[in-house]
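Peer 1: I have a structure here, written as structure tokens, and I will follow up with some questions on it.
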Amino acid sequence: MPDETFGFGVAFTARTLRVVAEAERATFDRLVEASVPMPQQEMLIDGVSVRAKGTGGGIAIARSRLLAVLLDEAVRAGVDVDLGVERDLDDVRDADLVIAADGVGSRTRAGLAEHVGGRVVPGRGVFMWLGCATRLRSNLFVPVRTEHGLFTIHGYPYAEGRSTLGIEADVGTWRRAGMDTATERTPLTESDAFSIGYLQAAFADALGGAELLGNRSRWMHFRTVSLPRWYHGNVVLIGDAAHTAHYSVGSGTKMALEDAIVLADSLTSGEDLSLAGALRQYEEIRRPRVEALQDAAVRSQRWWDSIGHRLDLPAPQVMLAYLSRGGVVSISRLVESDPGLLRAGLAAFAGVEPTDGELGDVRSWVLSRPYEGAALRTGGRVLDDDGQAGYREVQGEPFAVTALRAACPDEALAAVLGTDVADPWSPAADEVLDRCFALAEAGADGVRLGGRPGRPALLDRLALAERIRRQTKLFTVVGAPAGHIDDLVDGLVAGRADLVAIAD
Ligand SMILES: Cc1cc2nc3c(=O)[nH]c(=O)nc-3n(C[C@H](O)[C@H](O)[C@H](O)COP(=O)(O)OP(=O)(O)OC[C@H]3O[C@@H](n4cnc5c(N)ncnc54)[C@H](O)[C@@H]3O)c2cc1C
């Protein structure tokens with residue numbers, strides 16, 4: 001039943017709404033009517049507020065209202081709806097087509113595992129979905145420190161007097177606060193009253209004392225689902241059953257809606273109207289879009305999971321790092337859409353006062369900022385490549401090192417490290433960190449990260465470089481072809497790399 005659903009509000013961008021409007025004007029009109037406009041993004045870091053204009057035109061809506069509208073429109077269109085009845089694949093297998101939209105824990109997916117596969121990766125941190133009895137003034141991000149560790153709130157209003165909140169913590173914080181025991185003790189059908197009481201007190205300042213609300217709210221690890229195939233025979237998976245994307249990119253419901261729209265089109269007006277042809281077309285159209293979003297979502301998730309490591313940065317710089325975290329939005333876009341934020345963020349990066357002047361060529365400006373670290377001082381951020389390559393022994397293992405003569409008369413030494421580590425917080429990344437500590441011991445001042453070509457590998461390297469420079473104090477150099485200049489510039493501004501090398 002719509003009013004028995006889990007969660008609180010969800011958000012849709014203007015782009016998602018356009019897709020709905022093109023498919024079903026009546027549904028679009030009703031969703032907009034049942035929603036509230038999404039306010040500006042705001043980060044509140046140690047009492048400093050910074051706002052981002054965003055793309056505008058988004059909405060937020062209660063999940064219960066969303067489901068009520070979709071249900072009503074389905075009934076109007078002649079769908080015979082059996083609410084509150086659990087079905088197994090065996091109950092419906094002889095239908096012409098079975099569309100399984102049974103969520104992240106899909107039993108249908110499990111039943112078809114040998115045909116569709118199924119990779120479910122639990123997140124490192126924990127999250128809880130709560131509501132709160134106030135209409136927040138912004139789409140708000142607040143890190144809140146307690147004696148047990150860091151909690152982050154991401155909340156926005158979805159109705160009069162109501163906001164939705166995603167709360168996150170790392171497992172250590174969750175345990176220290178005694179919430180692991182509370183999670184174990186809370187029955188699946190209830191909310192975790194102990195944790196809600198704790199968070200109510202911890203968030204009193206950030207949320208103006210607003211009451212927190214539970215709806216079968218409990219701590220969970222987010223599960224990222226990805227499958228090599230989304231259909232088998234007459235059964236097709238859509239929505240969370242087929243794929244999930246971390247909620248920090250707010251796209252799970254959007255993907256479920258877009259799946260349904262493309263599936264309906266493929267079945268009724270596709271090029272090949274046989275069932276196999278229509279299902280193939282559905283997957284061919286949807287898969288690249290879903291995978292691109294999942295890629296951004298995983299990067300976003302890793303960024304949030306490690307947010308505590310960058311809260312020493314000035315708030316406007318954290319906001320720029322946040323906006324560019326998934327590799328979807330480049331800060332150069334803000335020249336037109338949000339010059340005030342861009343000016344503040346760039347000034348914070350460069351350690352200068354913001355000015356009101358023309359922004360001009362942001363890329364060149366960033367690349368020509370001086371760098372000053374313990375071992376290296378340069379007039380700009382681009383390393384010219386005529387440093388001398390050589391080899392050194394580190395713990396019996398030879399490592400390539402480059403003497404950065406061009407950049408530094410004192411010959412600061414950057415060890416050249418090949419890394420192809422996707423997750424900068426994985427055990428494989430821990431090993432790279434160990435090597436970096438050993439290199440520092442052996443006299444290296446920085447590391448230059450190399451590895452596979454291509455943009456995904458470059459984004460991975462930038463994320464790892466951020467961890468290396470923060471934890472080892474080595475400076476980091478990341479190189480890429482000129483076509484990826486925006487990623488390099490974003491990386492510098494966000495504090496992911498100290499210097500860049502641009503290949504022809
Ligand atoms: C904290 C958080 C915030 C989020 N915010 C956003 C957001 O802002 N924007 C956005 O687009 N997405 C957001 N999402 C994601 C979104 O909630 C999900 O992606 C979305 O609910 C997926 O829809 P679905 O229909 O595939 O699955 P679900 O919503 O999980 O629905 C599955 C349904 O199937 C039913 N079911 C399961 N098994 C059976 C069975 N055997 N027989 C009959 N029925 C069954 C369940 O009862 C349920 O009603 C968020 C998620 C979280 C966790």
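The way I read the labels, and the way they are meant: chains A, B, ... in the order of the structure tokens, residue 1 as the first residue of every chain, and ligand 1 as the first ligand shown, with later ones counted on from there.
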Could you report the residues within 6 Å of ligand 1, using only C-alpha atoms and all ligand atoms, as a VMD selection string?
Peer 2: chain A and resid 10 to 12 85 to 88 101 to 104 129 166 239 to 241 247 250 to 254 256
Peer 1: I'd like to know which residues of segment 147-356 of chain A are alpha helix (DSSP H) (by DSSP, run on the backbone); could you write them as an MDAnalysis selection string?
Peer 2: chainID A and resid 171:176 179:185 193:202 252:269 275:305 315:323 334:337 339:350
Peer 1: For atom CA of Ala169 of chain A and atom CA of Ile59 of chain A, determine how far apart the two atoms are, in Å to one decimal place.
Peer 2: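 Interatomic distance here is 26.6 Å.
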Peer 1: Let me make sure I understand: among A:Val478, A:Ala202, A:Met43, A:Phe222, which one has the smallest atom-to-atom distance to Gln317 of chain A if we use only C-alpha atoms?
Peer 2: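 Residue with the minimum atom-to-atom distance to Gln317 of chain A: A:Met43.
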Peer 1: For the atom pair atom CA of Val489 of chain A and atom CA of Arg381 of chain A, what is the interatomic distance in Å to one decimal place?
Peer 2: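 We find that atom CA of Val489 of chain A and atom CA of Arg381 of chain A lie 9.4 Å from each other.
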Peer 1: Here is a test: counting only C-alpha atoms, which residue of A:Leu323, A:Gln294, A:Ala465, A:Ala501 is nearest to Thr55 of chain A?
Peer 2: A:Leu323
Peer 1: Just list the residues in segment 13-109 of chain A DSSP gives strand (DSSP E or B) on the backbone, as a list in words.
Peer 2: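 Put together, the selection reads Val36, Pro37, Gln41, Glu42, Met43, Leu44, Ile45, Val48, Ser49, Val50, Arg51, Ala52, Ile59, Ala60, Ile61, Ala62, Val98, Ile99 and Ala100 of chain A.
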Peer 1: How many Å lie between atom CA of Ala444 of chain A and atom CA of Leu488 of chain A, rounded to one decimal?
Peer 2: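 Distance between the two atoms: 22.7 Å.
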Peer 1: Might you pull out every residue within 7 Å of Val48 of chain A, with only C-alpha atoms counted and same-chain residues fewer than 3 positions away left off, and present them as a PyMOL selection string?
Peer 2: chain A and resi 44-45+315
Peer 1: Let me make sure I understand: among A:Pro37, A:Gly123, A:Pro187, A:Gly340, which one has the smallest atom-to-atom distance to Lys53 of chain A if we use only C-alpha atoms?
Peer 2: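 Among A:Pro37, A:Gly123, A:Pro187, A:Gly340, it is A:Gly340 that comes nearest to Lys53 of chain A.
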Peer 1: Write out as a list in words which residues come within 10 Å of Pro143 of chain A when counting only C-alpha atoms, dropping same-chain ones fewer than 6 positions away.
Peer 2: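 Near Pro143 of chain A, the qualifying residues are Met43, Leu44, Ile45, Asp46, Leu150, Phe151, Thr152, Ile153, His154, Ile167, Glu168, Ala169, Phe203, Ala206, Ile307, Gly308 and Leu311 of chain A.
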Peer 1: Could those selected residues go to a file with N, CA and C atoms, as a tab-separated table (two decimals), in the first residue's frame?
Peer 2:
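Now in part03.tsv:
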```tsv
chain	number	residue	atom	x	y	z
A	43	MET	N	25.73	23.70	2.26
A	43	MET	CA	26.58	22.94	3.18
A	43	MET	C	26.83	23.79	4.39
A	44	LEU	N	26.74	23.16	5.53
A	44	LEU	CA	26.98	23.89	6.77
A	44	LEU	C	28.13	23.17	7.47
A	45	ILE	N	29.32	23.79	7.38
A	45	ILE	CA	30.50	23.13	7.93
A	45	ILE	C	31.06	23.99	9.06
A	46	ASP	N	31.05	23.45	10.26
A	46	ASP	CA	31.51	24.19	11.45
A	46	ASP	C	30.90	25.59	11.49
A	150	LEU	N	31.86	11.02	13.61
A	150	LEU	CA	31.18	11.93	12.69
A	150	LEU	C	29.91	11.31	12.09
A	151	PHE	N	28.82	12.08	12.14
A	151	PHE	CA	27.58	11.72	11.43
A	151	PHE	C	27.36	12.79	10.36
A	152	THR	N	26.85	12.40	9.21
A	152	THR	CA	26.50	13.44	8.24
A	152	THR	C	25.01	13.37	7.95
A	153	ILE	N	24.44	14.55	7.77
A	153	ILE	CA	23.01	14.65	7.46
A	153	ILE	C	22.90	15.18	6.04
A	154	HIS	N	22.05	14.57	5.25
A	154	HIS	CA	21.66	15.16	3.97
A	154	HIS	C	20.13	15.20	3.99
A	167	ILE	N	21.04	9.83	6.93
A	167	ILE	CA	22.10	10.01	7.93
A	167	ILE	C	23.16	8.94	7.67
A	168	GLU	N	24.41	9.34	7.73
A	168	GLU	CA	25.49	8.36	7.51
A	168	GLU	C	26.51	8.40	8.62
A	169	ALA	N	27.16	7.27	8.81
A	169	ALA	CA	28.27	7.20	9.79
A	169	ALA	C	29.19	6.07	9.35
A	203	PHE	N	21.60	16.30	16.66
A	203	PHE	CA	21.28	17.18	15.53
A	203	PHE	C	20.45	18.39	15.95
A	206	ALA	N	21.79	21.61	14.42
A	206	ALA	CA	21.78	21.62	12.95
A	206	ALA	C	20.35	21.72	12.40
A	307	ILE	N	34.23	11.63	3.83
A	307	ILE	CA	34.07	13.08	3.96
A	307	ILE	C	34.87	13.63	5.16
A	308	GLY	N	34.96	12.84	6.22
A	308	GLY	CA	35.65	13.30	7.43
A	308	GLY	C	37.10	13.70	7.17
A	311	LEU	N	37.24	17.71	5.90
A	311	LEU	CA	36.48	18.79	6.53
A	311	LEU	C	37.37	19.92	7.05
```
Peer 1: Which residue out of A:Ala95, A:Val262, A:Leu367, A:Ala480 has the minimum interatomic distance to Arg287 of chain A when only C-alpha atoms are used?
Peer 2: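 Going through A:Ala95, A:Val262, A:Leu367, A:Ala480 one by one, the smallest distance to Arg287 of chain A is for A:Val262.
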Peer 1: Residues near segment 188-200 of chain A, anyone? I mean within 10 Å using only C-alpha atoms, not counting same-chain ones fewer than 2 positions away, as a ChimeraX atom specification.
Peer 2: /A:128,130,132,144,146,151,167,174,177-186,202-205,207,209-219
Peer 1: For the selection just defined, write its residues with C-alpha atoms to a file, as a short mmCIF file (atom, residue, chain, number, x, y, z; two decimals), in the first residue's frame.
Peer 2:
```cif
data_model
loop_
_atom_site.label_atom_id
_atom_site.label_comp_id
_atom_site.auth_asym_id
_atom_site.auth_seq_id
_atom_site.Cartn_x
_atom_site.Cartn_y
_atom_site.Cartn_z
CA MET A 128 19.57 5.42 8.14
CA LEU A 130 14.68 9.38 8.69
CA CYS A 132 11.95 15.37 10.39
CA VAL A 144 27.91 16.69 12.89
CA THR A 146 29.79 13.78 18.47
CA PHE A 151 27.58 11.72 11.43
CA ILE A 167 22.10 10.01 7.93
CA TRP A 174 28.17 3.48 14.82
CA ALA A 177 27.75 5.03 19.93
CA GLY A 178 26.25 1.63 20.84
CA MET A 179 24.12 1.60 17.71
CA ASP A 180 25.28 -1.83 16.56
CA THR A 181 23.52 -3.33 19.59
CA ALA A 182 20.46 -1.15 18.99
CA THR A 183 20.34 -2.32 15.35
CA GLU A 184 20.46 -5.96 16.42
CA ARG A 185 17.67 -5.47 18.95
CA THR A 186 15.29 -3.57 16.65
CA ALA A 202 23.12 15.32 18.32
CA PHE A 203 21.28 17.18 15.53
CA ALA A 204 19.38 19.65 17.73
CA ASP A 205 21.52 22.60 16.60
CA LEU A 207 18.02 21.04 12.58
CA GLY A 209 15.47 21.16 17.40
CA ALA A 210 13.02 19.66 14.87
CA GLU A 211 11.58 16.29 15.86
CA LEU A 212 13.09 13.30 14.04
CA LEU A 213 10.63 10.77 12.62
CA GLY A 214 11.14 7.07 11.98
CA ASN A 215 9.42 4.82 9.46
CA ARG A 216 10.86 1.34 9.92
CA SER A 217 14.12 3.29 10.10
CA ARG A 218 17.22 1.32 10.98
CA TRP A 219 20.93 1.40 10.16
#
```
Peer 1: Near Val50 of chain A, within 12 Å and counting only C-alpha atoms, which residues show up once chain neighbours fewer than 4 positions away are dropped, as a VMD selection string?
Peer 2: chain A and resid 40 to 46 138 to 142 314 to 320 322 340 to 342 344 to 345
Peer 1: Between A:Asp434, A:Leu237, A:Leu67, A:Ala457, which one has atoms that come closest to Arg107 of chain A, using only C-alpha atoms?
Peer 2: A:Leu237
Peer 1: Compare A:Gly57, A:Gly446, A:Pro288, A:Gly84 by their minimum atom-to-atom distance to Ala375 of chain A, counting only C-alpha atoms, and give me the closest one.
Peer 2: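 Smallest separation from Ala375 of chain A among the options: A:Gly446.
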Peer 1: Quick one: residues within 12 Å of Asp96 of chain A, only C-alpha atoms, excluding same-chain residues fewer than 4 positions away - as a list of chain:residue names?
Peer 2: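 Non-adjacent residues within range: A:Val92, A:Gly233, A:Asn234, A:Val235, A:Val236, A:Leu267, A:Ser274, A:Leu275, A:Ala276.
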